[in-house]
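Quick look at run_4.pdb (PDB, C-alpha atoms):
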ATOM      1  CA  MET A   4     159.302  59.290 112.472
ATOM      2  CA  SER A   5     157.542  60.328 109.294
ATOM      3  CA  ILE A   6     159.720  62.335 106.928
ATOM      4  CA  VAL A   7     157.617  64.154 104.340
ATOM      5  CA  VAL A   8     158.255  66.334 101.290
ATOM      6  CA  CYS A   9     156.387  69.594 100.749
ATOM      7  CA  HIS A  10     154.421  69.817  97.496
ATOM      8  CA  THR A  11     155.101  73.575  97.280
ATOM      9  CA  CYS A  12     158.846  73.860  97.857
ATOM     10  CA  SER A  13     160.203  70.278  98.100
ATOM     11  CA  THR A  14     161.528  70.764 101.648
ATOM     12  CA  GLU A  15     161.784  67.576 103.718
ATOM     13  CA  TRP A  16     160.813  67.620 107.394
ATOM     14  CA  ALA A  17     159.596  65.409 110.226
ATOM     15  CA  ALA A  18     155.798  65.645 110.299
ATOM     16  CA  THR A  19     155.751  64.007 113.733
ATOM     17  CA  ALA A  20     157.490  67.121 115.106
ATOM     18  CA  ARG A  21     156.216  69.927 112.845
ATOM     19  CA  PRO A  22     152.681  70.242 111.454
ATOM     20  CA  TRP A  23     153.803  72.361 108.468
ATOM     21  CA  CYS A  24     156.668  72.756 106.092
ATOM     22  CA  PRO A  25     159.240  74.926 107.912
ATOM     23  CA  THR A  26     160.331  76.671 104.707
ATOM     24  CA  CYS A  27     156.781  77.639 103.721
ATOM     25  CA  LEU A  28     155.949  78.670 107.287
ATOM     26  CA  LEU A  29     159.034  80.888 107.479
ATOM     27  CA  ALA A  30     157.995  82.538 104.203
ATOM     28  CA  LYS A  31     154.499  83.149 105.624
ATOM     29  CA  TRP A  32     155.847  84.684 108.813
ATOM     30  CA  THR A  33     158.445  86.900 107.124
ATOM     31  CA  SER A  34     155.873  88.247 104.662
ATOM     32  CA  SER A  35     153.273  89.024 107.312
ATOM     33  CA  PRO A  36     152.622  92.795 107.348
ATOM     34  CA  ASN A  37     151.466  92.755 110.987
ATOM     35  CA  LEU A  38     154.115  90.505 112.476
ATOM     36  CA  ILE A  39     155.220  93.159 114.971
ATOM     37  CA  THR A  40     152.203  95.203 115.976
ATOM     38  CA  GLU A  41     152.392  98.747 117.337
ATOM     39  CA  LYS A  42     151.653  97.483 120.849
ATOM     40  CA  HIS A  43     154.723  95.200 120.830
ATOM     41  CA  ALA A  44     157.146  97.357 118.789
ATOM     42  CA  PRO A  45     160.316  98.435 120.644
ATOM     43  CA  GLU A  46     160.059 102.029 119.399
ATOM     44  CA  ASN A  47     156.792 102.305 121.385
ATOM     45  CA  ALA A  48     158.200 100.882 124.615
ATOM     46  CA  THR A  49     158.054 104.222 126.420
ATOM     47  CA  ALA A  50     154.423 104.965 125.472
ATOM     48  CA  ILE A  51     152.248 104.814 128.567
ATOM     49  CA  ARG A  52     149.313 102.419 128.124
ATOM     50  CA  GLU A  53     146.656 100.845 130.247
ATOM     51  CA  GLY A  54     147.271  97.157 130.899
ATOM     52  CA  TYR A  55     150.374  95.033 130.842
ATOM     53  CA  ARG A  56     152.099  94.433 127.505
ATOM     54  CA  SER A  57     155.290  93.001 126.167
ATOM     55  CA  VAL A  58     157.675  94.728 123.805
ATOM     56  CA  VAL A  59     159.987  92.771 121.508
ATOM     57  CA  SER A  60     163.663  93.601 121.759
ATOM     58  CA  GLU A  61     165.734  95.555 119.257
ATOM     59  CA  GLU A  62     167.790  92.360 118.907
ATOM     60  CA  VAL A  63     164.692  90.578 117.589
ATOM     61  CA  VAL A  64     163.818  93.408 115.194
ATOM     62  CA  ASN A  65     167.386  93.673 113.869
ATOM     63  CA  ASN A  66     167.713  89.893 113.416
ATOM     64  CA  LEU A  67     164.096  89.015 112.723
ATOM     65  CA  ARG A  68     164.661  86.474 109.969
ATOM     66  CA  ALA A  69     167.250  84.595 112.063
ATOM     67  CA  PHE A  70     164.912  84.513 115.079
ATOM     68  CA  LEU A  71     162.039  83.282 112.913
ATOM     69  CA  ALA A  72     164.234  80.659 111.216
ATOM     70  CA  ASP A  73     165.276  79.340 114.629
ATOM     71  CA  ALA A  74     161.682  79.390 115.871
ATOM     72  CA  VAL A  75     160.292  77.493 112.901
ATOM     73  CA  GLU A  76     162.774  74.674 113.555
ATOM     74  CA  SER A  77     162.745  74.573 117.356
ATOM     75  CA  GLY A  78     159.457  75.965 118.620
ATOM     76  CA  THR A  79     156.371  74.129 119.794
ATOM     77  CA  TRP A  80     152.798  74.546 118.572
ATOM     78  CA  TYR A  81     149.940  74.995 121.057
ATOM     79  CA  TYR A  82     146.245  75.580 120.768
ATOM     80  CA  ASN A  83     145.441  78.674 122.857
ATOM     81  CA  ALA A  84     142.009  77.904 124.338
ATOM     82  CA  GLU A  85     141.663  81.441 125.725
ATOM     83  CA  TYR A  86     141.778  83.071 122.275
ATOM     84  CA  GLU A  87     140.866  80.003 120.181
ATOM     85  CA  LYS A  88     143.985  80.423 118.065
ATOM     86  CA  TYR A  89     147.214  78.541 117.518
ATOM     87  CA  ASN A  90     150.438  79.849 119.031
ATOM     88  CA  HIS A  91     153.997  78.872 118.306
ATOM     89  CA  VAL A  92     156.311  79.209 121.332
ATOM     90  CA  THR A  93     160.100  79.123 121.239
ATOM     91  CA  ARG A  94     162.227  79.040 124.353
ATOM     92  CA  LEU A  95     165.303  81.081 123.670
ATOM     93  CA  PRO A  96     168.702  80.550 125.306
ATOM     94  CA  LEU A  97     169.266  82.646 128.427
ATOM     95  CA  GLU A  98     171.697  84.987 126.661
ATOM     96  CA  GLN A  99     169.006  85.980 124.150
ATOM     97  CA  LYS A 100     166.139  88.150 125.287
ATOM     98  CA  PRO A 101     163.128  88.292 122.983
ATOM     99  CA  GLY A 102     161.641  91.228 124.834
ATOM    100  CA  ALA A 103     160.568  92.927 128.018
ATOM    101  CA  GLY A 104     157.371  93.433 129.966
ATOM    102  CA  VAL A 105     155.877  96.868 130.613
ATOM    103  CA  SER A 106     153.418  97.168 133.492
ATOM    104  CA  SER A 107     150.228  99.192 133.176
ATOM    105  CA  GLY A 108     150.856 102.933 133.385
ATOM    106  CA  ASN A 109     154.643 102.581 133.120
ATOM    107  CA  SER A 110     156.824 104.170 130.482
ATOM    108  CA  GLN A 111     159.755 101.783 130.903
ATOM    109  CA  PRO A 112     160.037  97.992 130.643
ATOM    110  CA  ASP A 113     160.339  96.460 134.096
ATOM    111  CA  ARG A 114     161.231  92.796 133.447
ATOM    112  CA  HIS A 115     162.955  90.565 130.912
ATOM    113  CA  LEU A 116     160.908  87.965 129.063
ATOM    114  CA  ASP A 117     162.240  84.607 127.881
ATOM    115  CA  ASP A 118     159.839  83.114 125.347
ATOM    116  CA  PHE A 119     159.360  84.125 121.719
ATOM    117  CA  VAL A 120     155.670  83.680 120.852
ATOM    118  CA  ILE A 121     154.028  83.867 117.459
ATOM    119  CA  ALA A 122     150.316  84.198 118.109
ATOM    120  CA  ASP A 123     147.773  83.107 115.511
ATOM    121  CA  ALA A 124     150.827  81.556 113.861
ATOM    122  CA  ASP A 125     148.950  79.703 111.145
ATOM    123  CA  PHE A 126     146.621  82.486 110.043
ATOM    124  CA  ASP A 127     147.482  86.116 110.881
ATOM    125  CA  PRO A 128     150.801  85.840 112.719
ATOM    126  CA  HIS A 129     152.061  88.438 115.136
ATOM    127  CA  LEU A 130     154.833  88.042 117.636
ATOM    128  CA  PHE A 131     155.429  89.040 121.190
ATOM    129  CA  ALA A 132     157.597  88.016 124.114
ATOM    130  CA  ASP A 133     156.296  86.164 127.152
ATOM    131  CA  ASP A 134     157.560  85.043 130.529
ATOM    132  CA  ARG A 135     158.613  81.383 130.710
ATOM    133  CA  ASP A 136     156.680  80.970 133.963
ATOM    134  CA  GLU A 137     153.582  82.382 132.259
ATOM    135  CA  THR A 138     153.973  79.845 129.461
ATOM    136  CA  ARG A 139     154.212  77.064 132.065
ATOM    137  CA  ARG A 140     151.091  78.400 133.793
ATOM    138  CA  LYS A 141     149.193  78.381 130.500
ATOM    139  CA  LEU A 142     150.246  74.769 129.962
ATOM    140  CA  THR A 143     149.327  73.552 133.435
ATOM    141  CA  THR A 144     145.952  75.310 133.456
ATOM    142  CA  GLY A 145     145.001  74.046 130.001
ATOM    143  CA  ILE A 146     145.060  77.422 128.250
ATOM    144  CA  TYR A 147     147.850  76.057 126.044
ATOM    145  CA  ARG A 148     147.198  72.578 124.694
ATOM    146  CA  PRO A 149     149.651  70.585 122.580
ATOM    147  CA  LEU A 150     148.604  69.784 119.024
ATOM    148  CA  ASP A 151     146.832  66.488 118.532
ATOM    149  CA  ALA A 152     148.122  63.743 116.304
ATOM    150  CA  CYS A 153     146.474  63.280 112.932
ATOM    151  CA  SER A 154     142.911  61.951 113.213
ATOM    152  CA  ARG A 155     143.744  59.184 110.699
ATOM    153  CA  ALA A 156     144.187  55.798 112.400
ATOM    154  CA  LYS A 157     147.797  54.720 112.946
ATOM    155  CA  CYS A 158     149.206  58.090 111.918
ATOM    156  CA  ASP A 159     151.413  59.787 114.509
ATOM    157  CA  ASN A 160     152.101  62.966 112.519
ATOM    158  CA  LEU A 161     150.970  66.223 114.096
ATOM    159  CA  SER A 162     147.654  67.525 112.855
ATOM    160  CA  GLN A 163     147.645  70.875 111.141
ATOM    161  CA  PRO A 164     145.920  73.570 113.165
ATOM    162  CA  ARG A 165     142.214  73.876 112.323
ATOM    163  CA  VAL A 166     142.235  70.720 110.169
ATOM    164  CA  ARG A 167     142.747  67.737 112.557
ATOM    165  CA  LYS A 168     144.694  65.944 109.852
ATOM    166  CA  CYS A 169     148.377  65.918 109.013
ATOM    167  CA  VAL A 170     149.942  67.156 105.786
ATOM    168  CA  LEU A 171     149.725  63.648 104.292
ATOM    169  CA  HIS A 172     146.013  63.169 105.026
ATOM    170  CA  ALA A 173     144.728  66.690 104.409
ATOM    171  CA  ASP A 174     142.335  67.100 101.503
ATOM    172  CA  PRO A 175     144.165  67.720  99.273
ATOM    173  CA  PRO A 176     147.476  66.463 100.725
ATOM    174  CA  ILE A 177     150.175  69.125 100.924
ATOM    175  CA  ALA A 178     153.089  66.693 101.289
ATOM    176  CA  THR A 179     154.088  63.166 100.391
ATOM    177  CA  LYS A 180     156.202  60.622 102.233
ATOM    178  CA  SER A 181     159.889  60.978 101.561
ATOM    179  CA  ARG A 182     161.577  58.153  99.684
ATOM    180  CA  PRO A 183     164.459  56.492 101.525
TER     181      PRO A 183
END

Would you encode the structure as structure tokens?
Amino acid sequence: MSIVVCHTCSTEWAATARPWCPTCLLAKWTSSPNLITEKHAPENATAIREGYRSVVSEEVVNNLRAFLADAVESGTWYYNAEYEKYNHVTRLPLEQKPGAGVSSGNSQPDRHLDDFVIADADFDPHLFADDRDETRRKLTTGIYRPLDACSRAKCDNLSQPRVRKCVLHADPPIATKSRP
């Protein structure tokens, strides 16, 4: 396991498990002005729209920073081949519900959703809830693809999205190896 230190904030983390500094990523997500879009906002759950959509729960909105802090530490990064963006997916415990699904033409949510997804997580993040079975389907059909390891020989750190190199081998590097 490669423990690294962020050049920006001095946070240490395992670069084999996380492609970015969790502290800096949390700051990016919490400062994003479009994190919860109108389509996914709970106050718009009863608006009738064409097409299926998910709506994040009031619990998420009221505890957003805590949900994001948990996600940054426990979620998994995927390349979304359908949209050519990087998503961050967190599986929440059964007692927590990140949101609900609303079928096309309905004014009320009609199913609970289990996964907390931050789409375009590295660039213009916005969050929504998704069904765990849908996440599995995206994985098995190749829509979601795990991040590759760093393209540098003998480096098993995760590559940063869009760069193909880890935080140690990026140009310029954004972290250094931690000292024991």

Within 7 Å of segment 24-28 of chain A, counting all atoms listed in the file, which residues qualify if same-chain residues fewer than 4 places away don't, as JSON, numbers by chain? {"A": [9, 14, 16, 32, 75, 76]}

Once the PyMOL selection byres ((chain A and resi 122) around 9) has been evaluated on this model, what residues remain selected, and can you format them as an mmCIF file with C-alpha atoms, keeping the file's coordinate frame?
data_model
loop_
_atom_site.group_PDB
_atom_site.id
_atom_site.type_symbol
_atom_site.label_atom_id
_atom_site.label_comp_id
_atom_site.auth_asym_id
_atom_site.auth_seq_id
_atom_site.Cartn_x
_atom_site.Cartn_y
_atom_site.Cartn_z
ATOM 1 C CA ASN A 83 145.441 78.674 122.857
ATOM 2 C CA LYS A 88 143.985 80.423 118.065
ATOM 3 C CA TYR A 89 147.214 78.541 117.518
ATOM 4 C CA ASN A 90 150.438 79.849 119.031
ATOM 5 C CA HIS A 91 153.997 78.872 118.306
ATOM 6 C CA VAL A 92 156.311 79.209 121.332
ATOM 7 C CA VAL A 120 155.670 83.680 120.852
ATOM 8 C CA ILE A 121 154.028 83.867 117.459
ATOM 9 C CA ASP A 123 147.773 83.107 115.511
ATOM 10 C CA ALA A 124 150.827 81.556 113.861
ATOM 11 C CA ASP A 125 148.950 79.703 111.145
ATOM 12 C CA ASP A 127 147.482 86.116 110.881
ATOM 13 C CA PRO A 128 150.801 85.840 112.719
ATOM 14 C CA HIS A 129 152.061 88.438 115.136
ATOM 15 C CA LEU A 130 154.833 88.042 117.636
ATOM 16 C CA PHE A 131 155.429 89.040 121.190
#

Care to translate the PyMOL selection byres ((chain A and resi 59) around 10) into actual residues of this file, as a list in words? Ile39, Thr40, Lys42, His43, Ala44, Pro45, Glu46, Ala48, Ser57, Val58, Ser60, Glu61, Glu62, Val63, Val64, Lys100, Pro101, Gly102, Ala103, Gly104, Leu116, Phe119, Leu130, Phe131, Ala132 and Asp133 of chain A

Interatomic distance (Å, one decimal) between atom CA of Ser77 of chain A and atom CA of Ile146 of chain A: 21.0 Å

Which residue gives the smallest distance to Asp134 of chain A among A:Arg56, A:Arg167, A:Lys180, A:Arg21, with only C-alpha atoms counted?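 Closest to Asp134 of chain A of all the choices is A:Arg56.
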